[in-house]
Each structure stands twice: as C-alpha cells, then as structure tokens.
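Below: one structure, written as structure tokens.
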Amino acid sequence: MKVFGSSGTRGVANDELTPGFVQGVAKAAGSVWRTDRVAVGRDTRTTGRMLVNAATSGLQSVGV
C-alpha cells in the first residue's frame, strides 16, 4: 500500500485510510513535533469528519 507521496497522503477512505491508520500516523507525528498545538484541516467529502476526528484523537493522546 503506497499512501505517502509527493502530493501528500492519498488513499481510499475506509480502505487504506482507516480511522485507526490515521490515528496512528497522527500519534507518530505528534510524538516528534516540538509543539503542543497544530491545525487540522479537511475538505468537504463525507469521510472528512471521520478522519479529522481520528487525527485529533491521535494528536490529543500524545499531548498535542
């Protein structure tokens, strides 16, 4: 599965980009960033809210 590329993160929601995967990536990123605040953005697709919630959960779990 190739999810990361030069144009960002790409994949099919609920297939390659599951909430668990997104949460794990957010936890990893939040663990190495030297900040306690970030902005999380999304587009208007129906799966956007689900993936933002997963990312936010991962970030919050490591104190971001």
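Chain identifiers are assigned as A, B, and so on, following the order in which chains appear in the structure tokens; residues are numbered from 1 within each chain, and ligands are numbered from 1 in order of appearance.
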
Requested in this report: Please identify all polymer residues within 8 Å of segment 53-58 of chain A, counting only C-alpha atoms, omitting same-chain residues fewer than 3 positions from it, and present them as a ChimeraX atom specification.
Outcome: /A:19-20,22-27,30,40,49-50,61-62

Query raised in the report: Using only C-alpha atoms, which residues sit within 12 Å of Val3 of chain A once same-chain residues fewer than 2 positions away are excluded, as a VMD selection string?
Result: chain A and resid 1 5 to 13 15 to 18 21 to 22 25

Query - Every residue of chain A that DSSP places in alpha helix (DSSP H), as number ranges by chain - result: A: 19-32, 48-61

Selected residues written out, N, CA and C atoms, as a PDB file, in the first residue's frame:
```pdb
ATOM      1  N   PRO A  19      -9.740   4.948  10.109  1.00  0.00           N
ATOM      2  CA  PRO A  19      -9.551   5.783  11.295  1.00  0.00           C
ATOM      3  C   PRO A  19      -8.354   5.327  12.141  1.00  0.00           C
ATOM      4  N   GLY A  20      -8.154   4.031  12.267  1.00  0.00           N
ATOM      5  CA  GLY A  20      -7.020   3.538  13.044  1.00  0.00           C
ATOM      6  C   GLY A  20      -5.683   3.913  12.438  1.00  0.00           C
ATOM      7  N   PHE A  21      -5.594   3.845  11.114  1.00  0.00           N
ATOM      8  CA  PHE A  21      -4.364   4.232  10.421  1.00  0.00           C
ATOM      9  C   PHE A  21      -4.093   5.715  10.613  1.00  0.00           C
ATOM     10  N   VAL A  22      -5.104   6.541  10.410  1.00  0.00           N
ATOM     11  CA  VAL A  22      -4.957   7.989  10.546  1.00  0.00           C
ATOM     12  C   VAL A  22      -4.599   8.344  11.987  1.00  0.00           C
ATOM     13  N   GLN A  23      -5.223   7.699  12.938  1.00  0.00           N
ATOM     14  CA  GLN A  23      -4.910   7.949  14.341  1.00  0.00           C
ATOM     15  C   GLN A  23      -3.447   7.599  14.639  1.00  0.00           C
ATOM     16  N   GLY A  24      -2.974   6.476  14.107  1.00  0.00           N
ATOM     17  CA  GLY A  24      -1.591   6.070  14.314  1.00  0.00           C
ATOM     18  C   GLY A  24      -0.587   7.037  13.706  1.00  0.00           C
ATOM     19  N   VAL A  25      -0.872   7.521  12.511  1.00  0.00           N
ATOM     20  CA  VAL A  25       0.008   8.495  11.865  1.00  0.00           C
ATOM     21  C   VAL A  25       0.027   9.789  12.681  1.00  0.00           C
ATOM     22  N   ALA A  26      -1.131  10.226  13.153  1.00  0.00           N
ATOM     23  CA  ALA A  26      -1.207  11.448  13.951  1.00  0.00           C
ATOM     24  C   ALA A  26      -0.449  11.290  15.269  1.00  0.00           C
ATOM     25  N   LYS A  27      -0.558  10.133  15.897  1.00  0.00           N
ATOM     26  CA  LYS A  27       0.191   9.883  17.137  1.00  0.00           C
ATOM     27  C   LYS A  27       1.691   9.937  16.876  1.00  0.00           C
ATOM     28  N   ALA A  28       2.132   9.331  15.795  1.00  0.00           N
ATOM     29  CA  ALA A  28       3.551   9.332  15.462  1.00  0.00           C
ATOM     30  C   ALA A  28       4.034  10.756  15.189  1.00  0.00           C
ATOM     31  N   ALA A  29       3.273  11.496  14.399  1.00  0.00           N
ATOM     32  CA  ALA A  29       3.662  12.872  14.083  1.00  0.00           C
ATOM     33  C   ALA A  29       3.677  13.731  15.350  1.00  0.00           C
ATOM     34  N   GLY A  30       2.645  13.614  16.149  1.00  0.00           N
ATOM     35  CA  GLY A  30       2.573  14.393  17.380  1.00  0.00           C
ATOM     36  C   GLY A  30       3.675  14.057  18.362  1.00  0.00           C
ATOM     37  N   SER A  31       4.209  12.860  18.277  1.00  0.00           N
ATOM     38  CA  SER A  31       5.287  12.448  19.174  1.00  0.00           C
ATOM     39  C   SER A  31       6.627  13.072  18.810  1.00  0.00           C
ATOM     40  N   VAL A  32       6.799  13.459  17.561  1.00  0.00           N
ATOM     41  CA  VAL A  32       8.089  14.023  17.146  1.00  0.00           C
ATOM     42  C   VAL A  32       8.042  15.540  16.936  1.00  0.00           C
ATOM     43  N   GLY A  48     -14.485  13.198   5.613  1.00  0.00           N
ATOM     44  CA  GLY A  48     -13.566  14.150   6.229  1.00  0.00           C
ATOM     45  C   GLY A  48     -13.709  14.257   7.725  1.00  0.00           C
ATOM     46  N   ARG A  49     -14.926  14.346   8.206  1.00  0.00           N
ATOM     47  CA  ARG A  49     -15.149  14.486   9.653  1.00  0.00           C
ATOM     48  C   ARG A  49     -14.608  13.268  10.402  1.00  0.00           C
ATOM     49  N   MET A  50     -14.830  12.071   9.870  1.00  0.00           N
ATOM     50  CA  MET A  50     -14.347  10.847  10.500  1.00  0.00           C
ATOM     51  C   MET A  50     -12.817  10.865  10.608  1.00  0.00           C
ATOM     52  N   LEU A  51     -12.151  11.275   9.532  1.00  0.00           N
ATOM     53  CA  LEU A  51     -10.695  11.260   9.524  1.00  0.00           C
ATOM     54  C   LEU A  51     -10.110  12.377  10.386  1.00  0.00           C
ATOM     55  N   VAL A  52     -10.766  13.534  10.421  1.00  0.00           N
ATOM     56  CA  VAL A  52     -10.328  14.605  11.326  1.00  0.00           C
ATOM     57  C   VAL A  52     -10.473  14.161  12.770  1.00  0.00           C
ATOM     58  N   ASN A  53     -11.566  13.505  13.100  1.00  0.00           N
ATOM     59  CA  ASN A  53     -11.751  13.009  14.470  1.00  0.00           C
ATOM     60  C   ASN A  53     -10.667  12.013  14.837  1.00  0.00           C
ATOM     61  N   ALA A  54     -10.301  11.135  13.917  1.00  0.00           N
ATOM     62  CA  ALA A  54      -9.249  10.155  14.179  1.00  0.00           C
ATOM     63  C   ALA A  54      -7.906  10.856  14.374  1.00  0.00           C
ATOM     64  N   ALA A  55      -7.604  11.829  13.529  1.00  0.00           N
ATOM     65  CA  ALA A  55      -6.339  12.570  13.646  1.00  0.00           C
ATOM     66  C   ALA A  55      -6.292  13.345  14.953  1.00  0.00           C
ATOM     67  N   THR A  56      -7.375  14.002  15.282  1.00  0.00           N
ATOM     68  CA  THR A  56      -7.444  14.776  16.531  1.00  0.00           C
ATOM     69  C   THR A  56      -7.261  13.863  17.733  1.00  0.00           C
ATOM     70  N   SER A  57      -7.880  12.719  17.707  1.00  0.00           N
ATOM     71  CA  SER A  57      -7.753  11.767  18.800  1.00  0.00           C
ATOM     72  C   SER A  57      -6.296  11.318  18.964  1.00  0.00           C
ATOM     73  N   GLY A  58      -5.647  11.011  17.856  1.00  0.00           N
ATOM     74  CA  GLY A  58      -4.249  10.601  17.915  1.00  0.00           C
ATOM     75  C   GLY A  58      -3.352  11.700  18.452  1.00  0.00           C
ATOM     76  N   LEU A  59      -3.567  12.911  17.985  1.00  0.00           N
ATOM     77  CA  LEU A  59      -2.767  14.039  18.446  1.00  0.00           C
ATOM     78  C   LEU A  59      -2.980  14.304  19.938  1.00  0.00           C
ATOM     79  N   GLN A  60      -4.235  14.293  20.362  1.00  0.00           N
ATOM     80  CA  GLN A  60      -4.517  14.550  21.764  1.00  0.00           C
ATOM     81  C   GLN A  60      -3.950  13.469  22.668  1.00  0.00           C
ATOM     82  N   SER A  61      -3.874  12.257  22.171  1.00  0.00           N
ATOM     83  CA  SER A  61      -3.374  11.161  23.011  1.00  0.00           C
ATOM     84  C   SER A  61      -1.881  11.304  23.343  1.00  0.00           C
TER      85      SER A  61
END
```
